[in-house]
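**Student:** Structure file my_file_6.pdb (PDB, C-alpha atoms) right here:
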```
ATOM      1  CA  MET A 219     133.401 108.626  95.298
ATOM      2  CA  LYS A 220     130.625 110.815  93.909
ATOM      3  CA  THR A 221     133.191 112.591  91.754
ATOM      4  CA  GLN A 222     134.322 109.271  90.236
ATOM      5  CA  VAL A 223     130.749 108.191  89.520
ATOM      6  CA  THR A 224     130.019 111.557  87.915
ATOM      7  CA  LEU A 225     133.224 111.300  85.879
ATOM      8  CA  PHE A 226     132.318 107.776  84.697
ATOM      9  CA  LEU A 227     128.817 108.972  83.763
ATOM     10  CA  ILE A 228     130.244 111.908  81.798
ATOM     11  CA  ILE A 229     132.765 109.668  80.017
ATOM     12  CA  GLY A 230     130.037 107.097  79.299
ATOM     13  CA  LEU A 231     127.761 109.808  77.929
ATOM     14  CA  ILE A 232     130.568 111.181  75.748
ATOM     15  CA  ILE A 233     131.270 107.675  74.393
ATOM     16  CA  ILE A 234     127.572 107.068  73.662
ATOM     17  CA  LEU A 235     127.218 110.435  71.943
ATOM     18  CA  GLY A 236     130.436 109.797  70.005
ATOM     19  CA  VAL A 237     129.236 106.390  68.795
ATOM     20  CA  PHE A 238     125.845 107.880  67.887
ATOM     21  CA  GLY A 239     127.538 110.775  66.076
ATOM     22  CA  ILE A 240     129.815 108.459  64.096
ATOM     23  CA  GLY A 241     126.865 106.210  63.234
ATOM     24  CA  LEU A 242     124.855 109.227  62.123
ATOM     25  CA  ILE A 243     127.680 110.509  59.925
ATOM     26  CA  LEU A 244     128.354 107.093  58.370
ATOM     27  CA  THR A 245     124.663 106.448  57.676
ATOM     28  CA  TYR A 246     124.134 109.931  56.241
ATOM     29  CA  ASN A 247     127.177 109.582  53.978
ATOM     30  CA  SER A 248     125.983 106.160  52.840
ATOM     31  CA  LEU A 249     122.545 107.580  51.967
ATOM     32  CA  VAL A 250     124.111 110.472  50.047
ATOM     33  CA  GLU A 251     126.353 108.026  48.175
ATOM     34  CA  SER A 252     123.379 105.826  47.257
ATOM     35  CA  GLU A 253     121.317 108.809  46.150
ATOM     36  CA  LYS A 254     124.197 109.967  43.917
ATOM     37  CA  ALA A 255     124.337 106.477  42.386
ATOM     38  CA  VAL A 256     120.628 106.756  41.523
ATOM     39  CA  GLU A 257     121.226 110.204  39.985
ATOM     40  CA  GLU A 258     124.117 108.846  37.905
ATOM     41  CA  ALA A 259     121.981 105.925  36.723
ATOM     42  CA  LYS A 260     119.197 108.394  35.812
ATOM     43  CA  ALA A 261     121.691 110.440  33.792
ATOM     44  CA  GLN A 262     122.841 107.291  31.987
ATOM     45  CA  ILE A 263     119.259 106.450  30.995
ATOM     46  CA  GLU A 264     118.850 109.989  29.666
ATOM     47  CA  THR A 265     122.106 109.721  27.717
ATOM     48  CA  VAL A 266     121.209 106.483  25.944
ATOM     49  CA  ILE A 267     117.654 107.632  25.238
ATOM     50  CA  GLN A 268     119.076 110.855  23.784
ATOM     51  CA  ARG A 269     121.395 108.769  21.603
ATOM     52  CA  ARG A 270     118.374 106.852  20.337
ATOM     53  CA  LEU A 271     116.527 110.090  19.627
ATOM     54  CA  ASP A 272     119.560 111.496  17.798
ATOM     55  CA  LEU A 273     119.701 108.483  15.467
ATOM     56  CA  ILE A 274     116.061 108.720  14.404
ATOM     57  CA  PRO A 275     116.241 111.860  12.176
ATOM     58  CA  ASN A 276     119.053 110.262  10.130
ATOM     59  CA  LEU A 277     117.069 107.049   9.904
ATOM     60  CA  VAL A 278     113.958 108.919   8.747
ATOM     61  CA  GLU A 279     115.961 110.865   6.151
ATOM     62  CA  THR A 280     117.544 107.673   4.830
ATOM     63  CA  VAL A 281     114.156 105.947   4.511
ATOM     64  CA  LYS A 282     112.649 109.085   2.961
ATOM     65  CA  GLY A 283     115.264 108.938   0.201
ATOM     66  CA  TYR A 284     113.922 105.555  -0.887
ATOM     67  CA  ALA A 285     110.277 105.737   0.196
ATOM     68  CA  GLN A 286     109.146 109.360  -0.136
ATOM     69  CA  HIS A 287     105.476 108.459  -0.566
ATOM     70  CA  GLU A 288     105.375 106.708   2.851
ATOM     71  CA  ARG A 289     104.798 110.071   4.513
ATOM     72  CA  GLU A 290     102.314 108.875   7.127
ATOM     73  CA  VAL A 291     104.726 106.399   8.731
ATOM     74  CA  LEU A 292     107.611 108.877   8.572
ATOM     75  CA  LEU A 293     105.442 111.604  10.108
ATOM     76  CA  LYS A 294     104.379 109.329  12.990
ATOM     77  CA  VAL A 295     108.001 108.473  13.759
ATOM     78  CA  THR A 296     108.976 112.152  13.649
ATOM     79  CA  GLN A 297     106.086 113.176  15.915
ATOM     80  CA  ALA A 298     106.780 110.378  18.434
ATOM     81  CA  ARG A 299     110.445 111.406  18.489
ATOM     82  CA  ALA A 300     109.571 115.082  19.076
ATOM     83  CA  LYS A 301     107.243 114.147  21.933
ATOM     84  CA  ALA A 302     109.891 111.903  23.511
ATOM     85  CA  GLN A 303     112.531 114.629  23.116
ATOM     86  CA  THR A 304     110.338 117.241  24.836
ATOM     87  CA  LEU A 305     109.654 114.907  27.743
ATOM     88  CA  LEU A 306     113.327 113.960  28.075
ATOM     89  CA  GLU A 307     114.318 117.634  28.254
ATOM     90  CA  LYS A 308     111.667 118.209  30.929
ATOM     91  CA  ILE A 309     112.787 115.357  33.190
ATOM     92  CA  SER A 310     116.518 115.943  32.642
ATOM     93  CA  SER A 311     116.345 119.059  34.796
ATOM     94  CA  LYS A 312     114.983 117.086  37.765
ATOM     95  CA  LYS A 313     117.221 115.630  40.461
ATOM     96  CA  SER A 314     115.031 112.558  40.837
ATOM     97  CA  LEU A 315     112.080 111.114  38.987
ATOM     98  CA  THR A 316     108.568 110.666  40.320
ATOM     99  CA  LYS A 317     106.352 107.717  39.498
ATOM    100  CA  GLU A 318     104.514 109.993  37.039
ATOM    101  CA  ASP A 319     107.794 111.009  35.335
ATOM    102  CA  LEU A 320     108.823 107.386  34.946
ATOM    103  CA  ALA A 321     105.387 106.402  33.597
ATOM    104  CA  ALA A 322     105.454 109.271  31.086
ATOM    105  CA  LEU A 323     109.003 108.373  30.010
ATOM    106  CA  SER A 324     108.042 104.729  29.598
ATOM    107  CA  ALA A 325     104.915 105.667  27.615
ATOM    108  CA  SER A 326     106.823 108.001  25.280
ATOM    109  CA  GLN A 327     109.492 105.358  24.625
ATOM    110  CA  SER A 328     106.795 102.749  24.061
ATOM    111  CA  GLU A 329     105.077 104.986  21.498
ATOM    112  CA  LEU A 330     108.404 105.606  19.778
ATOM    113  CA  THR A 331     109.113 101.862  19.706
ATOM    114  CA  LYS A 332     105.728 101.216  18.039
ATOM    115  CA  THR A 333     106.400 103.786  15.323
ATOM    116  CA  LEU A 334     109.903 102.420  14.732
ATOM    117  CA  LYS A 335     108.487  98.911  14.351
ATOM    118  CA  SER A 336     106.104 100.202  11.679
ATOM    119  CA  LEU A 337     109.020 101.972   9.976
ATOM    120  CA  PHE A 338     111.107  98.788   9.885
ATOM    121  CA  ALA A 339     108.109  96.801   8.631
ATOM    122  CA  LEU A 340     107.801  99.321   5.790
ATOM    123  CA  VAL A 341     111.485  98.856   4.878
ATOM    124  CA  GLU A 342     110.707  95.241   3.934
ATOM    125  CA  ASN A 343     109.097  96.611   0.746
ATOM    126  CA  TYR A 344     112.289  98.377  -0.385
ATOM    127  CA  PRO A 345     115.151  95.964  -1.175
ATOM    128  CA  ASP A 346     117.482  98.802  -2.234
ATOM    129  CA  LEU A 347     116.931 100.527   1.108
ATOM    130  CA  LYS A 348     117.578  97.298   3.031
ATOM    131  CA  ALA A 349     120.892  96.981   1.196
ATOM    132  CA  SER A 350     121.925 100.633   1.685
ATOM    133  CA  ILE A 351     125.208 100.962   3.597
ATOM    134  CA  ASN A 352     123.945 104.087   5.353
ATOM    135  CA  PHE A 353     120.743 102.344   6.430
ATOM    136  CA  LEU A 354     122.629  99.256   7.617
ATOM    137  CA  ALA A 355     124.984 101.410   9.709
ATOM    138  CA  LEU A 356     122.056 103.261  11.308
ATOM    139  CA  GLN A 357     120.318  99.951  11.903
ATOM    140  CA  ASP A 358     123.365  98.610  13.772
ATOM    141  CA  GLN A 359     123.704 101.779  15.850
ATOM    142  CA  LEU A 360     120.012 101.737  16.755
ATOM    143  CA  GLU A 361     120.143  98.089  17.757
ATOM    144  CA  GLY A 362     123.161  98.752  19.986
ATOM    145  CA  THR A 363     121.376 101.720  21.544
ATOM    146  CA  GLU A 364     118.265  99.645  22.253
ATOM    147  CA  ASN A 365     120.443  97.201  24.196
ATOM    148  CA  ARG A 366     122.110 100.062  26.098
ATOM    149  CA  ILE A 367     118.707 101.420  27.122
ATOM    150  CA  ALA A 368     117.765  98.046  28.607
ATOM    151  CA  VAL A 369     121.078  97.849  30.500
ATOM    152  CA  ALA A 370     120.771 101.460  31.740
ATOM    153  CA  ARG A 371     117.235 100.765  32.990
ATOM    154  CA  GLN A 372     118.474  97.687  34.886
ATOM    155  CA  ARG A 373     121.320  99.677  36.452
ATOM    156  CA  TYR A 374     118.922 102.440  37.480
ATOM    157  CA  ASN A 375     116.562  99.964  39.126
ATOM    158  CA  TYR A 376     119.516  98.292  40.877
ATOM    159  CA  ALA A 377     120.707 101.651  42.249
ATOM    160  CA  VAL A 378     117.146 102.481  43.382
ATOM    161  CA  ARG A 379     116.840  99.094  45.114
ATOM    162  CA  ILE A 380     120.061  99.655  47.093
ATOM    163  CA  TYR A 381     119.006 103.199  48.016
ATOM    164  CA  ASN A 382     115.470 102.145  49.052
ATOM    165  CA  THR A 383     116.873  99.280  51.134
ATOM    166  CA  LYS A 384     119.148 101.689  53.012
ATOM    167  CA  ILE A 385     116.334 104.083  53.889
ATOM    168  CA  LYS A 386     114.054 101.247  55.039
ATOM    169  CA  THR A 387     116.536  99.395  57.245
ATOM    170  CA  PHE A 388     117.990 100.428  60.584
ATOM    171  CA  PRO A 389     119.516 102.957  61.186
ATOM    172  CA  GLY A 390     118.635 104.484  57.808
ATOM    173  CA  ASN A 391     114.907 104.313  58.523
ATOM    174  CA  ILE A 392     115.447 106.711  61.446
ATOM    175  CA  ILE A 393     118.012 109.009  59.849
ATOM    176  CA  ALA A 394     116.605 109.220  56.282
ATOM    177  CA  PRO A 395     113.430 111.183  57.164
ATOM    178  CA  MET A 396     115.472 113.589  59.312
ATOM    179  CA  PHE A 397     117.499 114.628  56.257
ATOM    180  CA  GLY A 398     114.832 114.405  53.542
ATOM    181  CA  PHE A 399     115.735 111.063  51.963
ATOM    182  CA  TRP A 400     112.559 109.500  50.574
ATOM    183  CA  GLU A 401     111.820 106.296  48.687
ATOM    184  CA  LYS A 402     112.421 106.380  44.924
ATOM    185  CA  ASP A 403     110.362 104.666  42.224
ATOM    186  CA  TYR A 404     111.578 101.996  39.831
ATOM    187  CA  PHE A 405     111.657 102.477  36.069
ATOM    188  CA  GLU A 406     109.278  99.822  34.791
ATOM    189  CA  ALA A 407     109.016  99.798  31.016
ATOM    190  CA  LYS A 408     105.684  99.252  29.281
ATOM    191  CA  ASN A 409     105.366  95.951  27.416
ATOM    192  CA  GLU A 410     106.192  97.475  24.014
ATOM    193  CA  ALA A 411     109.292  99.160  25.395
ATOM    194  CA  GLU A 412     110.616  96.080  27.198
ATOM    195  CA  GLU A 413     111.675  94.361  23.983
ATOM    196  CA  PRO A 414     114.162  96.174  21.794
ATOM    197  CA  VAL A 415     113.084  97.051  18.262
ATOM    198  CA  LYS A 416     114.076  94.208  15.985
ATOM    199  CA  VAL A 417     115.975  95.887  13.193
ATOM    200  CA  ARG A 418     117.696  92.909  11.596
ATOM    201  CA  PHE A 419     116.328  91.451   8.369
TER
END
```
Once more with this new file: its structure as structure tokens, please.
**Tutor:**
Amino acid sequence: MKTQVTLFLIIGLIIILGVFGIGLILTYNSLVESEKAVEEAKAQIETVIQRRLDLIPNLVETVKGYAQHEREVLLKVTQARAKAQTLLEKISSKKSLTKEDLAALSASQSELTKTLKSLFALVENYPDLKASINFLALQDQLEGTENRIAVARQRYNYAVRIYNTKIKTFPGNIIAPMFGFWEKDYFEAKNEAEEPVKVRF
């Protein structure tokens, strides 16, 4: 009789440990999967921001061809782009972004947006530039990129929300700290960066 009780206890313990082990593995894998989704969304933001930064030198050169004496505006755009590029390179090497990284990224993009708005306001004074095929093509590409940035930011925040929910709900809230999964911050754009640059005339 005692042997049967002991056997049932051992089997029960094995079942409990098995269920716990499976739950642990499934939860851990789910957290890893969610963290990878956040990393992919981060990489997508970096890609579209890099595309925006890559378009700006061509845009500046095109405007310079028609408005060489507007050096101050062109210089501000170039400096804001260089600052944004340096920051992007710095954060690209990180696995995840801190609140400070996201604030700095948002601020640099906001500054770049302001300078681009002043550049497009300047273009109003140059009808030949506004009609230039090269300028119009760059304008279209930049507008498309602005929209992609907004979409990439939304996807990043969505991935972060799913990840944060998993580490705050049971059983993730128990398992996440054991394996170093911590809450991630959302990418909240500054007011100037929330609206895409209006480049249509």
**Student:** Pick from A:Val291, A:Val250, A:Leu330, A:Ile229: nearest to Glu364 (chain A), with only C-alpha atoms counted?
**Tutor:**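 Looking only at the distances to Glu364 (chain A), the closest residue turns out to be A:Leu330.
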**Student:** Suppose a student applies the PyMOL selection byres ((chain A and resi 251-255) around 12) to this structure; what residues should they get, written as an NGL selection string?
**Tutor:** :A and (244-250 or 256-262 or 313-315 or 373-385 or 390 or 394 or 398-402)
**Student:** Which is closest to Phe405 (chain A) among A:Ile233, A:Leu347, A:Ala285, A:Ala325, if we use only C-alpha atoms?
**Tutor:**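 Looking at the shortest contact to Phe405 (chain A), the residue is A:Ala325.
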**Student:** What is the distance, in Å and to one decimal place, between CA of Lys308 (chain A) and CA of Asp358 (chain A)?
**Tutor:**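 According to the coordinates, CA of Lys308 (chain A) and CA of Asp358 (chain A) are separated by 28.6 Å.
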**Student:** Assuming the chain letters and numbering stay as they are in my file, what does the PyMOL selection byres ((chain A and resi 327) around 10) actually select? List them as a list in words.
**Tutor:**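 When the PyMOL selection byres ((chain A and resi 327) around 10) is applied to the shown file, the picked residues are Ile267, Arg270, Leu271, Ala298, Arg299, Lys301, Ala302, Gln303, Ala321, Ala322, Leu323, Ser324, Ala325, Ser326, Ser328, Glu329, Leu330, Thr331, Lys332, Thr333, Ala407, Lys408, Glu410, Ala411 and Glu412 of chain A.
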**Student:** Deliver the residues from the most recent selection as a file, using C-alpha atoms, as a PDB file, keeping the file's coordinate frame.
**Tutor:**
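Now in out-v9.pdb:
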```pdb
ATOM      1  CA  ILE A 267     117.654 107.632  25.238  1.00  0.00           C
ATOM      2  CA  ARG A 270     118.374 106.852  20.337  1.00  0.00           C
ATOM      3  CA  LEU A 271     116.527 110.090  19.627  1.00  0.00           C
ATOM      4  CA  ALA A 298     106.780 110.378  18.434  1.00  0.00           C
ATOM      5  CA  ARG A 299     110.445 111.406  18.489  1.00  0.00           C
ATOM      6  CA  LYS A 301     107.243 114.147  21.933  1.00  0.00           C
ATOM      7  CA  ALA A 302     109.891 111.903  23.511  1.00  0.00           C
ATOM      8  CA  GLN A 303     112.531 114.629  23.116  1.00  0.00           C
ATOM      9  CA  ALA A 321     105.387 106.402  33.597  1.00  0.00           C
ATOM     10  CA  ALA A 322     105.454 109.271  31.086  1.00  0.00           C
ATOM     11  CA  LEU A 323     109.003 108.373  30.010  1.00  0.00           C
ATOM     12  CA  SER A 324     108.042 104.729  29.598  1.00  0.00           C
ATOM     13  CA  ALA A 325     104.915 105.667  27.615  1.00  0.00           C
ATOM     14  CA  SER A 326     106.823 108.001  25.280  1.00  0.00           C
ATOM     15  CA  SER A 328     106.795 102.749  24.061  1.00  0.00           C
ATOM     16  CA  GLU A 329     105.077 104.986  21.498  1.00  0.00           C
ATOM     17  CA  LEU A 330     108.404 105.606  19.778  1.00  0.00           C
ATOM     18  CA  THR A 331     109.113 101.862  19.706  1.00  0.00           C
ATOM     19  CA  LYS A 332     105.728 101.216  18.039  1.00  0.00           C
ATOM     20  CA  THR A 333     106.400 103.786  15.323  1.00  0.00           C
ATOM     21  CA  ALA A 407     109.016  99.798  31.016  1.00  0.00           C
ATOM     22  CA  LYS A 408     105.684  99.252  29.281  1.00  0.00           C
ATOM     23  CA  GLU A 410     106.192  97.475  24.014  1.00  0.00           C
ATOM     24  CA  ALA A 411     109.292  99.160  25.395  1.00  0.00           C
ATOM     25  CA  GLU A 412     110.616  96.080  27.198  1.00  0.00           C
TER      26      GLU A 412
END
```
**Student:** Of the residues A:Tyr404, A:Tyr344, A:Phe226, A:Phe353, which is the one nearest to Val278 (chain A), using all atoms listed in the file?
**Tutor:** A:Phe353
**Student:** For Thr363 (chain A), which residue among A:Ser311, A:Thr304, A:Thr265, A:Asn343 is the nearest when counting only C-alpha atoms?
**Tutor:**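 For Thr363 (chain A), the nearest of the candidates is A:Thr265.
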**Student:** Just how far from CA of Glu264 (chain A) is CA of Gln357 (chain A), in Å to one decimal?
**Tutor:**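 CA of Glu264 (chain A) lies at a distance of 20.5 Å from CA of Gln357 (chain A).
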**Student:** So, with all atoms listed in the file as the atoms that count, which of A:Leu277, A:Ile234, A:Ile263, A:Ile228 lies closest to Leu320 (chain A)?
**Tutor:**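 Smallest distance to Leu320 (chain A) is found for A:Ile263.
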**Student:** Rounded to one decimal, what separation in Å do you get between CA of Asp403 (chain A) and CA of Arg366 (chain A)?
**Tutor:**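 Atom-to-atom, CA of Asp403 (chain A) and CA of Arg366 (chain A) are spaced 20.5 Å apart.
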**Student:** Can you work out which one of A:Gln372, A:Pro389, A:Pro395, A:Asp319 has the shortest atom-to-atom distance to Leu242 (chain A), counting only C-alpha atoms?
**Tutor:**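 Closest to Leu242 (chain A), using only C-alpha atoms: A:Pro389.
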**Student:** Since the input is missing atoms, can you rebuild N, CA and C atoms for region 320-347 of chain A and write them as a PDB file, keeping the file's coordinate frame?
**Tutor:**
```
ATOM      1  N   LEU A 320     108.394 108.675  35.479  1.00  0.00           N
ATOM      2  CA  LEU A 320     108.823 107.386  34.946  1.00  0.00           C
ATOM      3  C   LEU A 320     107.750 106.774  34.042  1.00  0.00           C
ATOM      4  N   ALA A 321     106.484 106.924  34.424  1.00  0.00           N
ATOM      5  CA  ALA A 321     105.387 106.402  33.597  1.00  0.00           C
ATOM      6  C   ALA A 321     105.321 107.150  32.266  1.00  0.00           C
ATOM      7  N   ALA A 322     105.485 108.465  32.315  1.00  0.00           N
ATOM      8  CA  ALA A 322     105.454 109.271  31.086  1.00  0.00           C
ATOM      9  C   ALA A 322     106.638 108.920  30.188  1.00  0.00           C
ATOM     10  N   LEU A 323     107.813 108.737  30.785  1.00  0.00           N
ATOM     11  CA  LEU A 323     109.003 108.373  30.010  1.00  0.00           C
ATOM     12  C   LEU A 323     108.808 107.011  29.357  1.00  0.00           C
ATOM     13  N   SER A 324     108.299 106.066  30.127  1.00  0.00           N
ATOM     14  CA  SER A 324     108.042 104.729  29.598  1.00  0.00           C
ATOM     15  C   SER A 324     107.015 104.771  28.464  1.00  0.00           C
ATOM     16  N   ALA A 325     105.954 105.563  28.642  1.00  0.00           N
ATOM     17  CA  ALA A 325     104.915 105.667  27.615  1.00  0.00           C
ATOM     18  C   ALA A 325     105.460 106.298  26.336  1.00  0.00           C
ATOM     19  N   SER A 326     106.281 107.334  26.472  1.00  0.00           N
ATOM     20  CA  SER A 326     106.823 108.001  25.280  1.00  0.00           C
ATOM     21  C   SER A 326     107.778 107.077  24.531  1.00  0.00           C
ATOM     22  N   GLN A 327     108.579 106.303  25.277  1.00  0.00           N
ATOM     23  CA  GLN A 327     109.492 105.358  24.625  1.00  0.00           C
ATOM     24  C   GLN A 327     108.724 104.210  23.979  1.00  0.00           C
ATOM     25  N   SER A 328     107.637 103.799  24.622  1.00  0.00           N
ATOM     26  CA  SER A 328     106.795 102.749  24.061  1.00  0.00           C
ATOM     27  C   SER A 328     106.166 103.197  22.741  1.00  0.00           C
ATOM     28  N   GLU A 329     105.670 104.429  22.715  1.00  0.00           N
ATOM     29  CA  GLU A 329     105.077 104.986  21.498  1.00  0.00           C
ATOM     30  C   GLU A 329     106.127 105.083  20.389  1.00  0.00           C
ATOM     31  N   LEU A 330     107.313 105.503  20.751  1.00  0.00           N
ATOM     32  CA  LEU A 330     108.404 105.606  19.778  1.00  0.00           C
ATOM     33  C   LEU A 330     108.771 104.225  19.240  1.00  0.00           C
ATOM     34  N   THR A 331     108.814 103.234  20.121  1.00  0.00           N
ATOM     35  CA  THR A 331     109.113 101.862  19.706  1.00  0.00           C
ATOM     36  C   THR A 331     108.073 101.354  18.713  1.00  0.00           C
ATOM     37  N   LYS A 332     106.798 101.635  18.966  1.00  0.00           N
ATOM     38  CA  LYS A 332     105.728 101.216  18.039  1.00  0.00           C
ATOM     39  C   LYS A 332     105.928 101.828  16.660  1.00  0.00           C
ATOM     40  N   THR A 333     106.237 103.125  16.628  1.00  0.00           N
ATOM     41  CA  THR A 333     106.400 103.786  15.323  1.00  0.00           C
ATOM     42  C   THR A 333     107.643 103.272  14.607  1.00  0.00           C
ATOM     43  N   LEU A 334     108.696 102.971  15.365  1.00  0.00           N
ATOM     44  CA  LEU A 334     109.903 102.420  14.732  1.00  0.00           C
ATOM     45  C   LEU A 334     109.635 101.028  14.160  1.00  0.00           C
ATOM     46  N   LYS A 335     108.845 100.240  14.871  1.00  0.00           N
ATOM     47  CA  LYS A 335     108.487  98.911  14.351  1.00  0.00           C
ATOM     48  C   LYS A 335     107.745  99.030  13.027  1.00  0.00           C
ATOM     49  N   SER A 336     106.832 100.012  12.943  1.00  0.00           N
ATOM     50  CA  SER A 336     106.104 100.202  11.679  1.00  0.00           C
ATOM     51  C   SER A 336     107.041 100.697  10.580  1.00  0.00           C
ATOM     52  N   LEU A 337     108.040 101.498  10.953  1.00  0.00           N
ATOM     53  CA  LEU A 337     109.020 101.972   9.976  1.00  0.00           C
ATOM     54  C   LEU A 337     109.846 100.808   9.436  1.00  0.00           C
ATOM     55  N   PHE A 338     110.303  99.919  10.339  1.00  0.00           N
ATOM     56  CA  PHE A 338     111.107  98.788   9.885  1.00  0.00           C
ATOM     57  C   PHE A 338     110.266  97.766   9.116  1.00  0.00           C
ATOM     58  N   ALA A 339     108.996  97.674   9.414  1.00  0.00           N
ATOM     59  CA  ALA A 339     108.109  96.801   8.631  1.00  0.00           C
ATOM     60  C   ALA A 339     107.983  97.350   7.211  1.00  0.00           C
ATOM     61  N   LEU A 340     107.905  98.654   7.089  1.00  0.00           N
ATOM     62  CA  LEU A 340     107.801  99.321   5.790  1.00  0.00           C
ATOM     63  C   LEU A 340     109.053  99.074   4.942  1.00  0.00           C
ATOM     64  N   VAL A 341     110.209  99.038   5.582  1.00  0.00           N
ATOM     65  CA  VAL A 341     111.485  98.856   4.878  1.00  0.00           C
ATOM     66  C   VAL A 341     111.522  97.529   4.120  1.00  0.00           C
ATOM     67  N   GLU A 342     110.776  96.544   4.601  1.00  0.00           N
ATOM     68  CA  GLU A 342     110.707  95.241   3.934  1.00  0.00           C
ATOM     69  C   GLU A 342     110.337  95.380   2.454  1.00  0.00           C
ATOM     70  N   ASN A 343     109.570  96.423   2.126  1.00  0.00           N
ATOM     71  CA  ASN A 343     109.097  96.611   0.746  1.00  0.00           C
ATOM     72  C   ASN A 343     110.120  97.287  -0.162  1.00  0.00           C
ATOM     73  N   TYR A 344     111.289  97.629   0.388  1.00  0.00           N
ATOM     74  CA  TYR A 344     112.289  98.377  -0.385  1.00  0.00           C
ATOM     75  C   TYR A 344     113.649  97.677  -0.306  1.00  0.00           C
ATOM     76  N   PRO A 345     113.887  96.723  -1.206  1.00  0.00           N
ATOM     77  CA  PRO A 345     115.151  95.964  -1.175  1.00  0.00           C
ATOM     78  C   PRO A 345     116.396  96.850  -1.282  1.00  0.00           C
ATOM     79  N   ASP A 346     116.319  97.910  -2.093  1.00  0.00           N
ATOM     80  CA  ASP A 346     117.482  98.802  -2.234  1.00  0.00           C
ATOM     81  C   ASP A 346     117.788  99.503  -0.914  1.00  0.00           C
ATOM     82  N   LEU A 347     116.751  99.871  -0.188  1.00  0.00           N
ATOM     83  CA  LEU A 347     116.931 100.527   1.108  1.00  0.00           C
ATOM     84  C   LEU A 347     117.553  99.550   2.108  1.00  0.00           C
TER      85      LEU A 347
END
```
